[in-house]
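Trainee: Structure provided below as structure tokens; questions to follow.
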2 protein chains.
Amino acid sequence: MDIKTIELKKTILEDNNKDADLLREQLNDAETFYVNVMSSPGSGKTTTLVSTIRLLQNPPGGEHPLRVGVMEADIDSDVDAHTIADETSAPSIQLHTGGMCHLDAEMSRQGLREIGYRDLDLVFLENVGNLVCPAEFDTGAHMKVVILSVPEGDDKPLKYPLMFKEADVVLVTKTDAIEAFDFDSGRFLRNLDGCNPDAPVFFLSGATGDGVAEWAAWLDQKVRERQK
Amino acid sequence: MDIKTIELKKTILEDNNKDADLLREQLNDAETFYVNVMSSPGSGKTTTLVSTIRLLQNPPGGEHPLRVGVMEADIDSDVDAHTIADETSAPSIQLHTGGMCHLDAEMSRQGLREIGYRDLDLVFLENVGNLVCPAEFDTGAHMKVVILSVPEGDDKPLKYPLMFKEADVVLVTKTDAIEAFDFDSGRFLRNLDGCNPDAPVFFLSGATGDGVAEWAAWLDQKVRERQK
């Protein structure tokens, strides 16, 4: 399948926060919910999106399926956009950041236009794999999802506090590997508590499917609440 | 044990590359080899350093032990400097980057002064966990080590080409988990070949110790060659 790749133009705006607010307003008018997914490289963002999208497209309660799109941001390659296209029926596009380590609101807007956000209920941005810089830039999203995979270790909120502080929800992935990697869930939650005591946390395994339904149901509700 | 923490001053120099060359010259005069270790968060940098340092401090061939120091760079916390201090006899200091996602040559210099590089044969910089920004800044190091852990996936050279292109040597860690994570070593080497066909690659497991002796012996030789 052919994947559309957008080479993003860099526009350092004077006030990215103001631009992000404008973009959110525009998305509200279109009733499109926009979710910014952030994590380290290789923490399972794409795998988590695939299993989440499958559930959102086939809601177990019999509601109408959500129309979901995915924007894959990377410095190079279009591996992830292909995975989304091959493994779900969601439209996906690839955004190339021109070497940039994060996306801002104007870069988001370029992608959202291309994917046709007006015809979608929910658009995921899979941000560049990076626990530092993307935390500093409001992309205009309604929700920031931070993913941490078990092999990365339970100390990450101590080392990357801004990213975990900015999270509206935290997903812990690859939980099937918890024994092999000496990851202590209690210690992780205490570390997270230090910077973000209010964020809901879901523990997921892409390999076994554990936890994915609970997370997808929670997100599904957030999207539908917005549309009422 | 008390860990000295340095709050780095940000100095955006006009020409970081020139400053990095000056720093390397200064380190050459002192016969101190400086190694910049870069990777994603949680890829096993500290674990790899601990096992490597133990071998460098007890060379199996009976040579004099190398005097090794470690500078741990993080946005926050001093977890890793404590680990080095607790698990090796190497001096370690913590560098706080003030939110910055990378180190430059002047930030390196501040740390090297504090750790007392003149009395060391080898100083490791554990850079901020980030596969993007640290690749763009010459820290003045003689060698750039890039670590990729198996759970991150074999496609990373495609997505973060500059980091892998900049590597003088690549370490693949957590190889004991290779079965669980569908990491194809051949595919990884082909992906790496696309951006950096010449870098030596070592496959290591912190859990079993596999490969660590080969890598440490290679590095040990590089350090001693410089001192001749």
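Every chain in the structure tokens has a letter given in the order shown (A, B, ...), and although residue numbers restart at 1 in each chain, ligands are simply numbered from 1 in the order shown.
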I'd like a table as JSON lines: residues in range 75-171 of chain A with an atom no more than 10 Å from range 40-55 of chain B, each row giving the shortest atom pair and its distance in Å to one decimal, only C-alpha atoms counted, sorted by chain and rising residue number.
Mentor:
{"residue": "A:Gly129", "atom": "CA", "partner": "B:Ser40", "partner_atom": "CA", "distance": 8.6}
{"residue": "A:Asn130", "atom": "CA", "partner": "B:Ser40", "partner_atom": "CA", "distance": 7.6}
{"residue": "A:Leu131", "atom": "CA", "partner": "B:Pro41", "partner_atom": "CA", "distance": 7.5}
{"residue": "A:Val132", "atom": "CA", "partner": "B:Pro41", "partner_atom": "CA", "distance": 9.7}
{"residue": "A:Leu148", "atom": "CA", "partner": "B:Gly42", "partner_atom": "CA", "distance": 9.7}
{"residue": "A:Ser149", "atom": "CA", "partner": "B:Gly42", "partner_atom": "CA", "distance": 9.0}
{"residue": "A:Val150", "atom": "CA", "partner": "B:Gly42", "partner_atom": "CA", "distance": 9.2}
{"residue": "A:Pro151", "atom": "CA", "partner": "B:Gly42", "partner_atom": "CA", "distance": 6.9}
{"residue": "A:Glu152", "atom": "CA", "partner": "B:Gly42", "partner_atom": "CA", "distance": 3.8}
{"residue": "A:Gly153", "atom": "CA", "partner": "B:Gly42", "partner_atom": "CA", "distance": 6.0}
{"residue": "A:Asp154", "atom": "CA", "partner": "B:Gly42", "partner_atom": "CA", "distance": 9.2}
{"residue": "A:Asp155", "atom": "CA", "partner": "B:Gly42", "partner_atom": "CA", "distance": 8.9}
{"residue": "A:Lys156", "atom": "CA", "partner": "B:Gly42", "partner_atom": "CA", "distance": 7.7}
{"residue": "A:Lys159", "atom": "CA", "partner": "B:Pro41", "partner_atom": "CA", "distance": 9.0}
{"residue": "A:Tyr160", "atom": "CA", "partner": "B:Pro41", "partner_atom": "CA", "distance": 9.1}
Trainee: DSSP on the backbone: which residues in range 43-223 of chain B end up as helix (DSSP H, G or I)? Give the answer as a short mmCIF file (atom, residue, chain, number, x, y, z; two decimals) with N, CA and C atoms, in the first residue's frame.
Mentor:
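The file below, selection_23.cif, is the result:
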data_model
loop_
_atom_site.label_atom_id
_atom_site.label_comp_id
_atom_site.auth_asym_id
_atom_site.auth_seq_id
_atom_site.Cartn_x
_atom_site.Cartn_y
_atom_site.Cartn_z
N LYS B 45 22.32 1.72 29.44
CA LYS B 45 23.61 2.42 29.46
C LYS B 45 24.35 2.17 30.77
N THR B 46 23.66 2.39 31.89
CA THR B 46 24.33 2.29 33.19
C THR B 46 24.77 0.86 33.47
N THR B 47 23.90 -0.10 33.20
CA THR B 47 24.24 -1.51 33.41
C THR B 47 25.47 -1.89 32.57
N THR B 48 25.49 -1.43 31.33
CA THR B 48 26.62 -1.74 30.45
C THR B 48 27.90 -1.10 30.99
N LEU B 49 27.79 0.14 31.47
CA LEU B 49 28.97 0.81 32.01
C LEU B 49 29.50 0.06 33.24
N VAL B 50 28.60 -0.37 34.11
CA VAL B 50 29.04 -1.07 35.33
C VAL B 50 29.87 -2.31 34.96
N SER B 51 29.34 -3.14 34.06
CA SER B 51 30.07 -4.38 33.75
C SER B 51 31.35 -4.08 32.95
N THR B 52 31.31 -3.05 32.12
CA THR B 52 32.51 -2.67 31.36
C THR B 52 33.61 -2.15 32.28
N ILE B 53 33.22 -1.29 33.22
CA ILE B 53 34.21 -0.67 34.13
C ILE B 53 34.88 -1.74 34.99
N ARG B 54 34.09 -2.71 35.45
CA ARG B 54 34.68 -3.79 36.27
C ARG B 54 35.81 -4.50 35.52
N LEU B 55 35.60 -4.71 34.21
CA LEU B 55 36.64 -5.39 33.42
C LEU B 55 37.84 -4.48 33.17
N LEU B 56 37.57 -3.19 32.91
CA LEU B 56 38.67 -2.25 32.65
C LEU B 56 39.52 -2.05 33.90
N GLN B 57 38.86 -2.18 35.05
CA GLN B 57 39.60 -2.01 36.31
C GLN B 57 40.36 -3.28 36.71
N VAL B 79 20.03 8.90 40.23
CA VAL B 79 19.93 7.45 40.32
C VAL B 79 21.16 6.75 39.74
N ASP B 80 21.56 7.16 38.53
CA ASP B 80 22.62 6.43 37.83
C ASP B 80 24.00 6.67 38.44
N ALA B 81 24.25 7.89 38.91
CA ALA B 81 25.55 8.15 39.55
C ALA B 81 25.68 7.31 40.82
N HIS B 82 24.57 7.13 41.53
CA HIS B 82 24.59 6.26 42.71
C HIS B 82 24.88 4.82 42.32
N THR B 83 24.26 4.37 41.22
CA THR B 83 24.49 2.98 40.79
C THR B 83 25.97 2.76 40.48
N ILE B 84 26.58 3.68 39.75
CA ILE B 84 28.01 3.55 39.43
C ILE B 84 28.84 3.53 40.72
N ALA B 85 28.52 4.43 41.64
CA ALA B 85 29.28 4.51 42.90
C ALA B 85 29.10 3.25 43.73
N ASP B 86 27.87 2.72 43.74
CA ASP B 86 27.59 1.53 44.56
C ASP B 86 28.20 0.27 43.96
N GLU B 87 28.26 0.19 42.63
CA GLU B 87 28.60 -1.10 42.01
C GLU B 87 29.99 -1.15 41.39
N ALA B 105 30.04 20.80 24.07
CA ALA B 105 31.43 20.70 24.52
C ALA B 105 31.67 21.48 25.81
N GLU B 106 31.07 22.66 25.93
CA GLU B 106 31.31 23.46 27.14
C GLU B 106 30.67 22.80 28.36
N MET B 107 29.51 22.18 28.18
CA MET B 107 28.89 21.46 29.29
C MET B 107 29.77 20.27 29.70
N SER B 108 30.32 19.58 28.69
CA SER B 108 31.28 18.49 28.96
C SER B 108 32.43 18.99 29.81
N ARG B 109 32.98 20.15 29.39
CA ARG B 109 34.17 20.69 30.05
C ARG B 109 33.90 20.97 31.53
N GLN B 110 32.70 21.51 31.82
CA GLN B 110 32.34 21.77 33.22
C GLN B 110 32.39 20.48 34.05
N GLY B 111 31.85 19.40 33.47
CA GLY B 111 31.85 18.12 34.18
C GLY B 111 33.25 17.54 34.31
N LEU B 112 34.03 17.61 33.22
CA LEU B 112 35.37 17.03 33.21
C LEU B 112 36.27 17.70 34.25
N ARG B 113 36.11 19.02 34.41
CA ARG B 113 36.88 19.72 35.45
C ARG B 113 36.52 19.18 36.83
N GLU B 114 35.22 19.00 37.05
CA GLU B 114 34.76 18.56 38.37
C GLU B 114 35.23 17.15 38.70
N ILE B 115 35.24 16.28 37.68
CA ILE B 115 35.60 14.88 37.96
C ILE B 115 37.12 14.72 38.04
N TYR B 117 39.66 15.12 35.34
CA TYR B 117 40.03 14.23 34.21
C TYR B 117 41.53 13.98 34.13
N ARG B 118 42.35 14.89 34.65
CA ARG B 118 43.80 14.73 34.50
C ARG B 118 44.32 13.47 35.18
N ASP B 119 43.59 13.02 36.20
CA ASP B 119 44.03 11.82 36.92
C ASP B 119 43.32 10.55 36.45
N CYS B 133 18.55 14.43 19.67
CA CYS B 133 19.34 15.66 19.81
C CYS B 133 20.83 15.43 20.12
N PRO B 134 21.19 14.49 21.02
CA PRO B 134 22.62 14.36 21.33
C PRO B 134 23.47 14.05 20.10
N ALA B 135 22.87 13.47 19.06
CA ALA B 135 23.63 13.14 17.85
C ALA B 135 24.15 14.39 17.15
N GLU B 136 23.50 15.52 17.40
CA GLU B 136 23.83 16.75 16.66
C GLU B 136 24.95 17.57 17.30
N VAL B 150 17.56 -4.58 22.63
CA VAL B 150 16.72 -5.47 21.82
C VAL B 150 15.23 -5.12 21.89
N PRO B 151 14.67 -4.81 23.08
CA PRO B 151 13.23 -4.50 23.10
C PRO B 151 12.84 -3.28 22.27
N GLU B 152 13.77 -2.41 21.93
CA GLU B 152 13.44 -1.23 21.12
C GLU B 152 13.17 -1.58 19.66
N LYS B 156 15.41 0.68 14.33
CA LYS B 156 15.79 2.01 14.81
C LYS B 156 16.78 2.77 13.92
N PRO B 157 17.74 2.12 13.26
CA PRO B 157 18.61 2.89 12.36
C PRO B 157 17.83 3.56 11.22
N LEU B 158 16.68 3.01 10.84
CA LEU B 158 15.86 3.63 9.80
C LEU B 158 15.21 4.92 10.30
N LYS B 159 14.85 4.92 11.60
CA LYS B 159 14.09 6.06 12.14
C LYS B 159 14.99 7.14 12.73
N PRO B 161 18.46 7.89 11.81
CA PRO B 161 19.68 7.63 11.03
C PRO B 161 20.90 8.45 11.47
N LEU B 162 20.69 9.70 11.90
CA LEU B 162 21.86 10.51 12.26
C LEU B 162 22.59 9.90 13.45
N MET B 163 21.83 9.46 14.46
CA MET B 163 22.48 8.87 15.64
C MET B 163 23.33 7.66 15.25
N PHE B 164 22.78 6.79 14.41
CA PHE B 164 23.53 5.59 14.05
C PHE B 164 24.68 5.91 13.10
N LYS B 165 24.51 6.95 12.28
CA LYS B 165 25.58 7.38 11.39
C LYS B 165 26.77 7.93 12.19
N GLU B 166 26.47 8.60 13.29
CA GLU B 166 27.52 9.23 14.11
C GLU B 166 28.29 8.22 14.97
N THR B 175 20.44 -8.80 24.90
CA THR B 175 20.31 -9.83 23.87
C THR B 175 19.69 -11.11 24.41
N ASP B 176 19.67 -11.27 25.74
CA ASP B 176 18.99 -12.44 26.32
C ASP B 176 17.48 -12.41 26.04
N ALA B 177 16.96 -11.21 25.70
CA ALA B 177 15.52 -11.06 25.46
C ALA B 177 15.18 -11.16 23.97
N SER B 185 18.64 -9.98 14.27
CA SER B 185 19.99 -9.38 14.24
C SER B 185 20.45 -9.10 12.82
N GLY B 186 20.13 -9.99 11.90
CA GLY B 186 20.52 -9.79 10.50
C GLY B 186 19.84 -8.55 9.92
N ARG B 187 18.55 -8.40 10.23
CA ARG B 187 17.81 -7.24 9.73
C ARG B 187 18.39 -5.95 10.34
N PHE B 188 18.72 -6.01 11.64
CA PHE B 188 19.33 -4.84 12.29
C PHE B 188 20.63 -4.45 11.59
N LEU B 189 21.48 -5.45 11.32
CA LEU B 189 22.77 -5.15 10.69
C LEU B 189 22.58 -4.59 9.28
N ARG B 190 21.57 -5.07 8.57
CA ARG B 190 21.29 -4.51 7.23
C ARG B 190 20.80 -3.07 7.36
N ASN B 191 19.95 -2.79 8.37
CA ASN B 191 19.45 -1.42 8.57
C ASN B 191 20.60 -0.48 8.95
N LEU B 192 21.51 -0.97 9.78
CA LEU B 192 22.66 -0.17 10.19
C LEU B 192 23.57 0.08 9.00
N ASP B 193 23.73 -0.95 8.17
CA ASP B 193 24.58 -0.85 6.98
C ASP B 193 24.18 0.32 6.09
N GLY B 194 22.88 0.63 6.07
CA GLY B 194 22.39 1.73 5.25
C GLY B 194 22.90 3.09 5.67
N CYS B 195 23.20 3.26 6.96
CA CYS B 195 23.68 4.59 7.39
C CYS B 195 25.11 4.54 7.91
N VAL B 212 30.27 -9.10 26.86
CA VAL B 212 30.83 -7.94 27.57
C VAL B 212 32.36 -7.96 27.53
N ALA B 213 32.95 -9.15 27.70
CA ALA B 213 34.42 -9.25 27.72
C ALA B 213 35.02 -8.81 26.39
N GLU B 214 34.38 -9.20 25.27
CA GLU B 214 34.89 -8.85 23.93
C GLU B 214 34.87 -7.32 23.74
N TRP B 215 33.73 -6.73 24.12
CA TRP B 215 33.58 -5.27 23.97
C TRP B 215 34.59 -4.55 24.87
N ALA B 216 34.71 -4.99 26.13
CA ALA B 216 35.61 -4.31 27.07
C ALA B 216 37.06 -4.43 26.59
N ALA B 217 37.42 -5.59 26.05
CA ALA B 217 38.79 -5.79 25.56
C ALA B 217 39.08 -4.85 24.37
N TRP B 218 38.08 -4.71 23.49
CA TRP B 218 38.22 -3.82 22.33
C TRP B 218 38.44 -2.37 22.79
N LEU B 219 37.61 -1.94 23.76
CA LEU B 219 37.71 -0.57 24.26
C LEU B 219 39.03 -0.34 25.00
N ASP B 220 39.40 -1.33 25.82
CA ASP B 220 40.65 -1.27 26.58
C ASP B 220 41.83 -1.02 25.63
N GLN B 221 41.82 -1.73 24.52
CA GLN B 221 42.90 -1.58 23.54
C GLN B 221 42.91 -0.18 22.92
N LYS B 222 41.72 0.34 22.62
CA LYS B 222 41.62 1.70 22.04
C LYS B 222 42.20 2.74 23.00
N VAL B 223 41.92 2.58 24.29
CA VAL B 223 42.41 3.55 25.28
C VAL B 223 43.93 3.46 25.38
#
Trainee: Set the distance at 8 Å and use only C-alpha atoms: which residues neighbour range 62-66 of chain B once local chain neighbours fewer than 3 positions away are removed? I'd like the list as a compact mmCIF listing (two decimals) with C-alpha atoms, in the first residue's frame.
Mentor:
# COMPACT_ATOMS: atom_id res chain seq x y z
CA LEU B 56 38.67 -2.25 32.65
CA GLN B 57 39.60 -2.01 36.31
CA ASN B 58 40.70 -5.67 36.35
CA PRO B 59 42.21 -6.36 32.94
CA LEU B 120 41.90 9.48 34.80
CA ASP B 121 42.73 7.34 31.75
CA LEU B 122 39.13 7.17 30.59
Trainee: Apply DSSP to the structure's backbone, then extract all residues of range 24-211 of chain A labelled strand (DSSP E or B) and return them as a PyMOL selection string.
Mentor: chain A and resi 33-39+68-74+92-96+122-126+143-149+169-173+201-203
Trainee: So how far away is CA of Asp74 in chain A from CA of His96 in chain A, in Å?
Mentor: 5.3 Å
